[in-house]
>>> print(open('data.txt').read())   # compact mmCIF, C-alpha atoms
# COMPACT_ATOMS: atom_id res chain seq x y z
CA MET U 1 -128.33 -75.28 -7.88
CA GLU U 2 -127.56 -74.40 -11.47
CA GLU U 3 -127.44 -77.17 -14.04
CA GLN U 4 -124.01 -78.70 -14.32
CA ILE U 5 -122.30 -79.01 -17.70
CA GLN U 6 -121.40 -82.59 -18.64
CA SER U 7 -118.03 -83.39 -20.09
CA GLN U 8 -118.19 -84.47 -23.73
CA SER U 9 -114.49 -85.14 -24.01
CA LYS U 10 -113.35 -88.77 -24.13
CA PRO U 11 -109.93 -89.79 -22.82
CA GLY U 12 -107.48 -90.61 -25.59
CA VAL U 13 -109.39 -88.70 -28.25
CA CYS U 14 -108.90 -85.32 -29.94
CA ILE U 15 -111.01 -85.80 -33.10
CA PRO U 16 -113.31 -88.83 -32.84
CA TRP U 17 -113.25 -91.30 -35.71
CA GLU U 18 -117.01 -90.84 -36.16
CA LYS U 19 -116.46 -87.18 -36.94
CA LYS U 20 -113.61 -87.90 -39.33
CA ARG U 21 -115.65 -90.64 -41.01
CA GLU U 22 -118.32 -88.11 -41.95
CA GLU U 23 -115.70 -86.10 -43.85
CA LEU U 24 -114.63 -89.02 -46.02
CA PRO U 25 -116.27 -90.23 -49.26
CA ASP U 26 -117.55 -93.81 -49.45
CA ILE U 27 -114.73 -96.02 -48.28
CA GLN U 28 -113.80 -98.55 -50.91
CA GLY U 29 -111.29 -100.50 -48.84
CA ASP U 30 -111.16 -101.62 -45.21
CA PRO U 31 -112.83 -99.06 -42.92
CA GLU U 32 -111.58 -100.79 -39.78
CA LEU U 33 -107.97 -100.24 -40.82
CA LEU U 34 -108.65 -96.55 -41.38
CA LYS U 35 -110.36 -96.29 -38.02
CA GLU U 36 -107.61 -98.10 -36.14
CA ILE U 37 -104.79 -95.97 -37.56
CA TRP U 38 -106.78 -92.74 -37.21
CA GLN U 39 -107.35 -93.43 -33.53
CA GLU U 40 -103.76 -94.50 -32.95
CA VAL U 41 -102.33 -91.30 -34.43
CA ASP U 42 -105.05 -89.14 -32.89
CA GLU U 43 -104.00 -90.37 -29.46
CA LEU U 44 -100.45 -89.11 -30.10
CA ALA U 45 -101.85 -85.57 -30.24
CA TYR U 46 -103.83 -86.29 -27.08
CA THR U 47 -100.69 -87.55 -25.38
CA TYR U 48 -98.86 -84.41 -26.43
CA ILE U 49 -101.24 -81.92 -24.87
CA TRP U 50 -101.91 -83.90 -21.69
CA HIS U 51 -98.24 -84.55 -21.07
CA LEU U 52 -97.51 -80.86 -21.58
CA LEU U 53 -100.02 -80.23 -18.81
CA VAL U 54 -99.03 -83.04 -16.45
CA SER U 55 -95.33 -83.68 -17.04
CA PHE U 56 -93.91 -80.30 -18.09
CA MET A 1 -74.87 -107.89 -20.30
CA ALA A 2 -72.19 -109.10 -17.93
CA GLU A 3 -73.41 -111.95 -15.76
CA ASN A 4 -72.56 -110.10 -12.55
CA MET A 5 -74.60 -107.05 -13.63
CA GLU A 6 -77.61 -109.23 -14.42
CA LYS A 7 -77.32 -110.89 -11.01
CA LEU A 8 -76.95 -107.55 -9.25
CA TYR A 9 -79.92 -106.14 -11.15
CA GLN A 10 -82.15 -109.06 -10.19
CA GLU A 11 -81.09 -108.91 -6.52
CA ARG A 12 -81.79 -105.21 -6.32
CA LEU A 13 -85.08 -105.42 -8.17
CA ASN A 14 -86.26 -108.23 -5.94
CA ARG A 15 -85.27 -106.27 -2.82
CA TYR A 16 -87.02 -103.14 -4.03
CA VAL A 17 -90.20 -104.88 -5.15
CA THR A 18 -90.43 -106.98 -1.98
CA ALA A 19 -90.32 -103.85 0.16
CA MET A 20 -92.88 -102.07 -2.04
CA ARG A 21 -95.28 -104.97 -1.48
CA ASN A 22 -94.84 -104.23 2.26
CA GLU A 23 -92.88 -107.42 2.83
CA LYS A 24 -89.43 -108.05 4.27
CA PRO A 25 -86.52 -108.31 1.80
CA ASP A 26 -82.93 -109.28 2.69
CA LYS A 27 -81.97 -105.63 3.30
CA VAL A 28 -83.63 -102.23 3.46
CA PRO A 29 -83.62 -101.06 -0.17
CA ILE A 30 -82.23 -97.65 -1.11
CA ARG A 31 -84.05 -95.67 -3.79
CA PRO A 32 -82.95 -92.04 -3.75
CA PHE A 33 -84.82 -89.57 -5.91
CA LEU A 34 -81.87 -87.52 -7.12
CA ALA A 35 -82.28 -84.56 -9.42
CA GLU A 36 -79.63 -81.83 -9.64
CA PHE A 37 -77.45 -83.75 -7.18
CA THR A 38 -76.43 -85.97 -10.09
CA ALA A 39 -75.16 -82.90 -11.96
CA ARG A 40 -73.06 -81.82 -9.00
CA TYR A 41 -71.68 -85.30 -8.54
CA ALA A 42 -70.92 -85.93 -12.23
CA GLY A 43 -69.41 -82.49 -12.89
CA TYR A 44 -72.21 -80.80 -14.83
CA THR A 45 -74.03 -77.53 -14.28
CA CYS A 46 -77.78 -77.42 -13.74
CA GLN A 47 -78.06 -75.80 -17.16
CA GLU A 48 -76.30 -78.74 -18.77
CA VAL A 49 -78.53 -81.43 -17.26
CA THR A 50 -81.70 -79.40 -17.73
CA HIS A 51 -81.04 -78.36 -21.30
CA ASP A 52 -79.36 -81.51 -22.65
CA TYR A 53 -81.09 -84.65 -21.44
CA ARG A 54 -78.24 -86.80 -22.75
CA LYS A 55 -75.98 -85.15 -20.18
CA ALA A 56 -78.68 -85.67 -17.55
CA PHE A 57 -78.78 -89.36 -18.46
CA ASP A 58 -74.97 -89.57 -18.29
CA ALA A 59 -74.99 -87.92 -14.87
CA VAL A 60 -77.49 -90.48 -13.55
CA VAL A 61 -75.43 -93.39 -14.92
CA LYS A 62 -72.22 -91.98 -13.43
CA THR A 63 -73.88 -91.52 -10.03
CA ALA A 64 -75.64 -94.88 -10.07
CA SER A 65 -72.34 -96.59 -10.95
CA ASP A 66 -70.65 -95.21 -7.87
CA PHE A 67 -73.27 -95.93 -5.19
CA ASP A 68 -74.77 -99.18 -3.96
CA TRP A 69 -78.45 -98.37 -4.41
CA ASP A 70 -81.38 -100.55 -5.44
CA ALA A 71 -83.33 -98.34 -7.84
CA VAL A 72 -83.08 -94.88 -9.37
CA VAL A 73 -85.06 -92.71 -11.78
CA GLY A 74 -83.59 -92.43 -15.29
CA ASN A 75 -83.78 -88.65 -15.09
CA MET A 76 -85.29 -86.74 -12.18
CA VAL A 77 -84.45 -83.39 -13.80
CA TYR A 78 -87.65 -84.17 -15.64
CA VAL A 79 -88.27 -80.80 -17.28
CA TRP A 80 -86.15 -80.91 -20.39
CA SER A 81 -85.87 -77.24 -21.28
CA GLY A 82 -85.06 -78.08 -24.91
CA LEU A 83 -88.69 -79.16 -25.15
CA THR A 84 -90.17 -76.36 -23.07
CA GLU A 85 -88.31 -73.75 -25.13
CA ALA A 86 -89.46 -75.40 -28.37
CA VAL A 87 -93.06 -75.06 -27.20
CA GLY A 88 -92.37 -71.59 -25.82
CA LEU A 89 -93.65 -72.38 -22.31
CA LYS A 90 -93.66 -69.28 -20.13
CA TYR A 91 -93.91 -70.84 -16.72
CA TYR A 92 -90.38 -72.09 -16.18
CA GLY A 93 -87.34 -70.27 -14.95
CA VAL A 94 -84.68 -72.07 -16.98
CA PRO A 95 -81.12 -72.42 -15.67
CA GLY A 96 -78.77 -70.31 -17.77
CA ILE A 97 -81.61 -68.07 -19.05
CA GLU A 98 -83.71 -66.43 -16.34
CA ILE A 99 -81.70 -67.91 -13.49
CA GLY A 100 -78.10 -68.82 -12.87
CA GLU A 101 -76.62 -71.76 -14.72
CA ASP A 102 -76.17 -73.72 -11.51
CA VAL A 103 -79.64 -73.19 -10.06
CA GLY A 104 -82.31 -75.84 -10.50
CA PHE A 105 -85.23 -74.98 -12.78
CA GLN A 106 -88.08 -73.07 -11.17
CA TYR A 107 -91.84 -73.01 -11.69
CA LYS A 108 -93.24 -69.49 -11.99
CA GLU A 109 -96.89 -69.21 -11.01
CA PRO A 110 -98.48 -66.15 -12.61
CA PRO A 111 -100.29 -63.50 -10.51
CA GLU A 112 -103.94 -64.32 -9.82
CA GLU A 113 -105.22 -61.87 -12.44
CA ASP A 114 -103.04 -63.51 -15.11
CA ALA A 115 -104.02 -67.10 -14.30
CA PHE A 116 -103.92 -69.44 -17.30
CA MET A 117 -107.61 -70.17 -16.80
CA LYS A 118 -110.13 -67.45 -15.88
CA PRO A 119 -112.82 -67.92 -13.22
CA ASP A 120 -115.63 -67.79 -15.78
CA GLU A 121 -114.11 -70.54 -17.93
CA TYR A 122 -114.97 -73.54 -15.77
CA ASP A 123 -117.85 -74.68 -17.99
CA GLN A 124 -115.60 -74.59 -21.05
CA LEU A 125 -113.01 -76.75 -19.28
CA ILE A 126 -115.63 -79.16 -17.94
CA GLU A 127 -117.39 -79.62 -21.27
CA ASP A 128 -114.23 -80.42 -23.22
CA PRO A 129 -110.98 -80.59 -21.24
CA THR A 130 -108.83 -81.61 -24.22
CA GLY A 131 -110.27 -78.88 -26.43
CA PHE A 132 -109.78 -76.35 -23.65
CA LEU A 133 -106.12 -77.27 -23.33
CA PHE A 134 -105.45 -76.88 -27.05
CA ASN A 135 -107.61 -73.83 -27.68
CA VAL A 136 -107.34 -71.78 -24.50
CA TRP A 137 -104.62 -73.02 -22.18
CA LEU A 138 -101.80 -73.66 -24.64
CA PRO A 139 -101.96 -70.21 -26.32
CA ARG A 140 -101.75 -68.64 -22.85
CA VAL A 141 -98.84 -70.69 -21.55
CA SER A 142 -96.84 -70.52 -24.78
CA ARG A 143 -95.08 -67.48 -26.21
CA ASP A 144 -95.54 -68.90 -29.73
CA VAL A 145 -98.95 -70.58 -29.98
CA ALA A 146 -101.62 -68.33 -31.50
CA ALA A 147 -104.96 -67.96 -29.74
CA GLN A 148 -108.17 -69.09 -31.45
CA GLY A 149 -109.11 -66.53 -34.07
CA GLU A 150 -105.62 -65.13 -34.41
CA GLY A 151 -103.82 -65.79 -37.64
CA ALA A 152 -101.48 -68.75 -37.71
CA SER A 153 -97.83 -67.75 -37.71
CA TYR A 154 -94.52 -69.36 -38.53
CA ARG A 155 -93.72 -69.58 -34.81
CA ASN A 156 -97.12 -71.07 -34.06
CA ASN A 157 -96.70 -73.81 -36.64
CA LEU A 158 -93.15 -74.56 -35.58
CA SER A 159 -94.15 -74.78 -31.93
CA PHE A 160 -96.36 -77.79 -32.61
CA LEU A 161 -93.89 -79.47 -34.92
CA LYS A 162 -90.85 -78.91 -32.75
CA GLY A 163 -92.73 -79.59 -29.52
CA GLY A 164 -94.13 -82.86 -30.82
CA MET A 165 -90.85 -84.05 -32.25
CA ALA A 166 -89.01 -83.05 -29.09
CA MET A 167 -91.45 -84.98 -26.90
CA LEU A 168 -91.10 -88.01 -29.14
CA SER A 169 -87.31 -87.74 -28.96
CA TYR A 170 -87.31 -87.36 -25.16
CA PHE A 171 -89.78 -90.08 -24.28
CA SER A 172 -88.25 -92.48 -26.81
CA ALA A 173 -84.87 -92.08 -25.12
CA PHE A 174 -86.02 -93.41 -21.72
CA PRO A 175 -86.09 -97.13 -22.59
CA GLY A 176 -82.46 -96.83 -23.74
CA GLN A 177 -81.56 -95.11 -20.49
CA GLY A 178 -83.20 -97.95 -18.60
CA GLU A 179 -81.12 -100.47 -20.53
CA ARG A 180 -77.95 -98.48 -19.85
CA LEU A 181 -78.65 -98.40 -16.13
CA LYS A 182 -79.30 -102.12 -16.18
CA GLU A 183 -76.26 -103.08 -18.23
CA GLU A 184 -73.70 -100.60 -16.92
CA CYS A 185 -74.79 -100.35 -13.28
CA GLY A 186 -77.08 -103.31 -12.59
CA MET A 187 -79.63 -100.70 -11.50
CA PRO A 188 -83.42 -101.04 -11.85
CA GLY A 189 -85.66 -98.12 -12.72
CA ALA A 190 -87.68 -96.91 -9.74
CA ILE A 191 -90.93 -95.69 -11.31
CA ALA A 192 -92.86 -95.62 -14.58
CA GLY A 193 -95.78 -93.38 -15.33
CA ILE A 194 -97.00 -90.09 -13.98
CA LEU A 195 -100.13 -89.02 -12.16
CA LYS A 196 -101.28 -85.75 -10.66
CA ALA A 197 -104.42 -85.20 -8.64
CA PRO A 198 -107.16 -83.31 -10.51
CA PHE A 199 -107.20 -80.69 -7.75
CA ASP A 200 -103.44 -80.17 -8.01
CA ILE A 201 -103.63 -79.74 -11.78
CA LEU A 202 -106.32 -77.11 -11.29
CA ALA A 203 -104.15 -75.33 -8.73
CA ASP A 204 -100.77 -75.71 -10.42
CA LYS A 205 -101.45 -75.19 -14.09
CA LEU A 206 -104.90 -73.70 -14.58
CA ARG A 207 -106.34 -71.41 -11.91
CA GLY A 208 -103.22 -70.99 -9.78
CA TYR A 209 -103.31 -71.56 -6.05
CA LEU A 210 -104.67 -68.11 -5.18
CA GLY A 211 -107.34 -68.25 -7.85
CA LEU A 212 -108.39 -71.69 -6.74
CA CYS A 213 -108.64 -70.52 -3.12
CA THR A 214 -111.14 -67.89 -4.24
CA ASP A 215 -113.05 -70.47 -6.27
CA LEU A 216 -113.32 -72.80 -3.26
CA PHE A 217 -115.63 -70.23 -1.70
CA GLU A 218 -117.25 -68.58 -4.71
CA ARG A 219 -117.85 -71.57 -7.01
CA PRO A 220 -117.11 -74.83 -5.17
CA ASP A 221 -119.51 -76.85 -7.36
CA LYS A 222 -117.55 -75.80 -10.43
CA VAL A 223 -114.29 -76.83 -8.79
CA LEU A 224 -115.70 -80.27 -8.06
CA ALA A 225 -117.11 -80.64 -11.58
CA ALA A 226 -113.78 -79.57 -13.07
CA CYS A 227 -111.90 -82.13 -10.95
CA GLU A 228 -114.38 -84.81 -12.07
CA ALA A 229 -113.90 -83.81 -15.71
CA LEU A 230 -110.10 -83.92 -15.45
CA ALA A 231 -109.96 -87.23 -13.59
CA PRO A 232 -110.50 -89.72 -16.45
CA HIS A 233 -107.87 -87.98 -18.55
CA LEU A 234 -105.30 -87.97 -15.76
CA CYS A 235 -106.05 -91.63 -15.17
CA ARG A 236 -105.55 -92.32 -18.88
CA ILE A 237 -102.15 -90.59 -18.94
CA ALA A 238 -101.09 -92.52 -15.82
CA MET A 239 -102.21 -95.81 -17.31
CA THR A 240 -100.62 -95.30 -20.72
CA SER A 241 -97.28 -94.22 -19.25
CA SER A 242 -97.13 -97.03 -16.67
CA ASP A 243 -95.02 -100.17 -16.46
CA PRO A 244 -96.89 -102.81 -18.50
CA THR A 245 -95.47 -105.55 -16.28
CA ASN A 246 -96.87 -103.88 -13.13
CA THR A 247 -93.50 -104.23 -11.42
CA VAL A 248 -92.69 -100.63 -10.53
CA PRO A 249 -95.23 -98.03 -9.45
CA ILE A 250 -96.79 -95.03 -11.09
CA SER A 251 -95.71 -91.91 -9.21
CA ILE A 252 -98.07 -89.19 -8.08
CA TRP A 253 -96.56 -85.85 -7.13
CA MET A 254 -98.85 -84.40 -4.48
CA HIS A 255 -98.66 -80.66 -4.00
CA ARG A 256 -101.14 -78.38 -2.23
CA GLY A 257 -104.24 -80.40 -1.54
CA CYS A 258 -103.64 -80.92 2.17
CA VAL A 259 -104.39 -79.03 5.38
CA PRO A 260 -103.54 -76.14 5.86
CA PHE A 261 -103.66 -75.23 2.16
CA VAL A 262 -107.29 -76.45 2.18
CA SER A 263 -109.69 -77.37 4.95
CA HIS A 264 -110.47 -80.93 5.99
CA ASP A 265 -113.84 -80.65 4.33
CA GLN A 266 -112.36 -79.35 1.07
CA PHE A 267 -109.83 -82.16 1.08
CA ASP A 268 -112.57 -84.75 1.53
CA ARG A 269 -115.05 -83.32 -0.96
CA LEU A 270 -112.66 -82.17 -3.69
CA TYR A 271 -109.14 -83.54 -3.47
CA TRP A 272 -109.74 -87.00 -2.15
CA ALA A 273 -113.17 -87.59 -3.68
CA THR A 274 -111.70 -87.16 -7.18
CA LEU A 275 -108.30 -88.80 -6.59
CA LYS A 276 -109.35 -91.94 -4.75
CA PRO A 277 -111.33 -93.40 -7.70
CA ILE A 278 -108.27 -92.98 -9.94
CA ILE A 279 -106.07 -94.87 -7.48
CA GLN A 280 -108.70 -97.60 -7.23
CA GLU A 281 -108.92 -97.91 -11.00
CA LEU A 282 -105.15 -98.11 -11.37
CA TRP A 283 -104.99 -100.72 -8.61
CA SER A 284 -107.70 -102.76 -10.27
CA ALA A 285 -105.39 -102.86 -13.32
CA GLY A 286 -102.55 -104.05 -11.07
CA HIS A 287 -100.64 -100.78 -10.68
CA GLN A 288 -99.24 -99.62 -7.37
CA VAL A 289 -99.02 -95.86 -6.97
CA LEU A 290 -96.17 -94.11 -5.18
CA PHE A 291 -97.66 -91.26 -3.16
CA TYR A 292 -94.92 -88.64 -3.22
CA ALA A 293 -96.63 -86.62 -0.51
CA GLU A 294 -94.79 -83.31 -0.61
CA GLY A 295 -95.19 -81.41 2.65
CA ASN A 296 -97.14 -82.67 5.63
CA TRP A 297 -100.17 -84.87 5.02
CA ASN A 298 -100.62 -86.25 8.51
CA HIS A 299 -104.19 -84.93 8.72
CA HIS A 300 -105.17 -87.25 5.88
CA LEU A 301 -103.52 -90.57 6.68
CA GLU A 302 -106.85 -92.13 7.66
CA SER A 303 -108.23 -91.23 4.23
CA PHE A 304 -105.29 -92.92 2.54
CA ALA A 305 -105.88 -95.97 4.75
CA GLU A 306 -109.24 -96.41 2.97
CA LEU A 307 -107.30 -97.66 -0.06
CA PRO A 308 -106.77 -101.38 -0.60
CA GLU A 309 -103.84 -102.79 1.34
CA GLY A 310 -100.63 -102.62 -0.67
CA SER A 311 -102.11 -100.40 -3.37
CA ILE A 312 -99.76 -97.49 -2.62
CA ILE A 313 -96.27 -96.77 -1.36
CA TYR A 314 -96.39 -93.75 0.91
CA HIS A 315 -93.42 -91.42 0.69
CA VAL A 316 -92.80 -89.31 3.78
CA ASP A 317 -91.62 -85.73 3.39
CA ARG A 318 -92.41 -83.47 6.37
CA ASP A 319 -94.56 -85.94 8.30
CA ASP A 320 -93.22 -87.60 11.44
CA ILE A 321 -92.25 -90.95 9.95
CA MET A 322 -92.71 -92.79 13.26
CA ASP A 323 -96.27 -91.51 13.45
CA VAL A 324 -96.93 -92.46 9.82
CA HIS A 325 -95.60 -95.95 10.52
CA ARG A 326 -97.90 -96.38 13.50
CA ARG A 327 -100.95 -95.24 11.57
CA ILE A 328 -100.59 -96.79 8.11
CA GLY A 329 -97.41 -98.88 8.17
CA ASP A 330 -99.37 -102.11 8.48
CA ARG A 331 -101.15 -101.37 5.18
CA PHE A 332 -98.52 -99.76 2.97
CA CYS A 333 -94.78 -99.65 2.37
CA LEU A 334 -93.21 -96.35 3.43
CA SER A 335 -90.22 -94.52 1.96
CA GLY A 336 -88.20 -91.41 2.67
CA GLY A 337 -88.24 -89.37 5.84
CA LEU A 338 -84.54 -88.47 5.90
CA PRO A 339 -84.51 -84.64 6.05
CA ASN A 340 -82.89 -82.92 3.08
CA THR A 341 -81.56 -80.24 5.39
CA LEU A 342 -79.49 -82.93 7.06
CA LEU A 343 -78.06 -84.01 3.70
CA SER A 344 -77.18 -80.40 2.90
CA PHE A 345 -76.05 -78.99 6.23
CA GLY A 346 -75.55 -81.93 8.58
CA THR A 347 -72.49 -84.01 9.26
CA GLU A 348 -71.91 -87.58 8.13
CA GLU A 349 -72.38 -88.74 11.72
CA GLN A 350 -75.72 -86.97 11.99
CA VAL A 351 -76.87 -88.58 8.75
CA ARG A 352 -75.79 -92.01 9.96
CA ALA A 353 -77.58 -91.53 13.27
CA GLU A 354 -80.82 -90.47 11.58
CA CYS A 355 -80.70 -93.42 9.18
CA LYS A 356 -80.26 -95.75 12.16
CA ARG A 357 -83.16 -94.12 14.01
CA ILE A 358 -85.48 -94.44 11.00
CA ILE A 359 -84.53 -98.05 10.26
CA GLU A 360 -84.96 -99.10 13.88
CA GLY A 361 -88.25 -97.24 14.13
CA VAL A 362 -90.05 -98.21 10.95
CA ALA A 363 -88.18 -100.92 9.05
CA LYS A 364 -88.14 -103.78 11.55
CA ASP A 365 -90.73 -105.82 9.67
CA GLY A 366 -89.78 -104.73 6.15
CA GLY A 367 -91.92 -102.41 4.06
CA TYR A 368 -89.53 -99.47 4.16
CA ILE A 369 -87.34 -97.91 1.46
CA MET A 370 -84.57 -95.47 2.37
CA ASP A 371 -84.72 -92.09 0.66
CA ALA A 372 -84.47 -88.42 1.42
CA SER A 373 -87.66 -86.58 2.31
CA ALA A 374 -87.72 -84.57 -0.91
CA ILE A 375 -86.00 -84.73 -4.27
CA VAL A 376 -82.27 -84.29 -3.77
CA GLN A 377 -80.85 -81.22 -5.45
CA ASN A 378 -77.35 -79.87 -5.81
CA ASP A 379 -77.17 -78.55 -2.26
CA ALA A 380 -76.73 -82.06 -0.85
CA LYS A 381 -73.19 -83.01 0.10
CA PRO A 382 -71.84 -86.10 -1.70
CA GLU A 383 -70.25 -87.32 1.54
CA ASN A 384 -73.66 -87.24 3.22
CA ILE A 385 -75.26 -89.20 0.39
CA ARG A 386 -72.49 -91.75 0.85
CA ALA A 387 -73.11 -91.79 4.61
CA MET A 388 -76.83 -92.44 3.98
CA THR A 389 -75.95 -95.32 1.67
CA GLU A 390 -73.39 -96.93 3.98
CA ALA A 391 -75.46 -96.52 7.11
CA THR A 392 -78.48 -98.11 5.43
CA ARG A 393 -76.39 -101.07 4.39
CA GLU A 394 -74.91 -101.34 7.88
CA TYR A 395 -78.13 -101.03 9.90
CA GLY A 396 -80.57 -102.27 7.29
CA ALA A 397 -79.65 -105.96 6.97
CA TYR A 398 -82.40 -108.32 8.19
>>> encode(input="data.txt", output="structure tokens")
Amino acid sequence: MEEQIQSQSKPGVCIPWEKKREELPDIQGDPELLKEIWQEVDELAYTYIWHLLVSF
Amino acid sequence: MAENMEKLYQERLNRYVTAMRNEKPDKVPIRPFLAEFTARYAGYTCQEVTHDYRKAFDAVVKTASDFDWDAVVGNMVYVWSGLTEAVGLKYYGVPGIEIGEDVGFQYKEPPEEDAFMKPDEYDQLIEDPTGFLFNVWLPRVSRDVAAQGEGASYRNNLSFLKGGMAMLSYFSAFPGQGERLKEECGMPGAIAGILKAPFDILADKLRGYLGLCTDLFERPDKVLAACEALAPHLCRIAMTSSDPTNTVPISIWMHRGCVPFVSHDQFDRLYWATLKPIIQELWSAGHQVLFYAEGNWNHHLESFAELPEGSIIYHVDRDDIMDVHRRIGDRFCLSGGLPNTLLSFGTEEQVRAECKRIIEGVAKDGGYIMDASAIVQNDAKPENIRAMTEATREYGAY
């Protein structure tokens, strides 16, 4: 049997915070706040595409 | 809210929830899933309720005000074509555009060779389902979204902006509709949250039914892997759109995963093997799931009986409801079973007689909710809907 591809895609995530974090300079303020809001807004995009698929 | 509406709301909610937990309430609850029927009853065209969700909401409130039911859906004409047109979705026949203004919206499955996902794209989907949807699927299902590598366009950019804002507008309006139904009609909402089986998503929106049938023989391992890759995402969408109080169920709309569309073996290995874990996970979080089992699923009732007692409500469409009751009625609440053809073409007396037969056959110990077999569209006669309501009240008191 051929090797099966593993899914790398996490539910609720379009662009992981870890990837975004690499694009930022040294964070002078609170990184947790940035992470929390990034993930919250990122999940809105996730919701958009998955609801297009499932609900519409 | 008027005191009498609050009291009515609580009575109805208690009746509905008691039945869903497979217990015996004071009366058989009535929870009709009404789509374009509400337009007919409230004096709108299908185009009006499909294209302007505010009119759809008004139609539901008008209908719910006039009938003694126990729960309704805020809007069963769920495809708001204002949104689908903003995104440029190709796969709907929209009332007033491709089809007559008084015909319910239609889903148009493309020919096999034009499927939205090609047979050699399974690995791409499996590796990154979300990326696949944005980069491959959406440009194919939308008239406006540019494919990867194509230049961005004004229409492409607007599609995302308008689509996103439209979805926000639509989903944000539902809590207000729930409040209206509660305050103006004393009517609880019937469901919250949406689930589809991974296999159905593959058939409906990606490979198409014919393409998937070919894949079942030519690349069954890929089909299974794709279903497994889709499952956690579908579970996430169900969970995040559910009722946080765990009062009303998440609905699953079950399409073509049953015999004879697939074999027993394919059902077991693909459909059920990737849906059952989702149901178990939702149940472990306290969510019941309403199995809206479109068609005839009687070959699979023993599989559904593997689920924890009370974890689902089983809605009967084309199954023999007496048989379903005998086989799984001790484990789960049942709903539906009243043929839509009767509501459209039968007489009031025939409707009353069938309601009596169903109630006497399956509702004796509770755990039954009156509803039509399938979603009620604008071919149903209002007098027959009234006969269903009155007969259930007459024969359904414990």
>>> interface_residues(input="data.txt", of="chain A", to="chain U", cutoff="9 Å", atoms="only C-alpha atoms", output="PyMOL selection string")
chain A and resi 78-80+83-84+89+123-131+133-134+138+163-164+167-168+194-196+201+205+221-222+225+228-229+232-237
>>> residues_near_point(input="data.txt", point="(-113.3, -97.8, -37.3)", cutoff="12 Å", atoms="only C-alpha atoms", output="PyMOL selection string")
chain U and resi 16-22+27+30-40
>>> atom_distance(input="data.txt", atom1="CA of Phe267 in chain A", atom2="CA of Asp320 in chain A")
20.3 Å
>>> residues_around(input="data.txt", residues="Ile359 in chain A", least_positions_apart="6", cutoff="9 Å", atoms="all atoms listed in the file", output="JSON, numbers by chain")
{"A": [28, 368, 370, 392, 395, 396]}
>>> residues_near_point(input="data.txt", point="(-77.1, -97.7, -5.6)", cutoff="9 Å", atoms="all atoms listed in the file", output="JSON, numbers by chain")
{"A": [12, 30, 31, 32, 63, 64, 65, 66, 67, 68, 69, 70, 71, 72, 185, 186, 187, 389]}
>>> closest_residue(input="data.txt", among="A:Met239, A:Leu202, A:Met322, A:Leu13", to="Gly286 in chain A", atoms="only C-alpha atoms")
A:Met239
>>> atom_distance(input="data.txt", atom1="CA of Gly337 in chain A", atom2="CA of Val316 in chain A")
5.0 Å
>>> atom_distance(input="data.txt", atom1="CA of Leu34 in chain A", atom2="CA of Ala363 in chain A")
21.9 Å
>>> residues_around(input="data.txt", residues="Ala305 in chain A", least_positions_apart="5", cutoff="12 Å", atoms="all atoms listed in the file", output="list in words")
Trp272, Lys276, Asn298, His299, His300, Gly310, Ser311, Ile312, Ile313, Tyr314, Val324, His325, Arg326, Arg327, Ile328, Gly329, Asp330, Arg331, Phe332 and Cys333 of chain A
>>> closest_residue(input="data.txt", among="A:Gly336, A:Gly361, A:Gly211, A:Gly74", to="Gly178 in chain A", atoms="only C-alpha atoms")
A:Gly74
>>> closest_residue(input="data.txt", among="A:Phe160, A:Met76, A:Ala2, A:Thr38", to="Ile385 in chain A", atoms="all atoms listed in the file")
A:Thr38
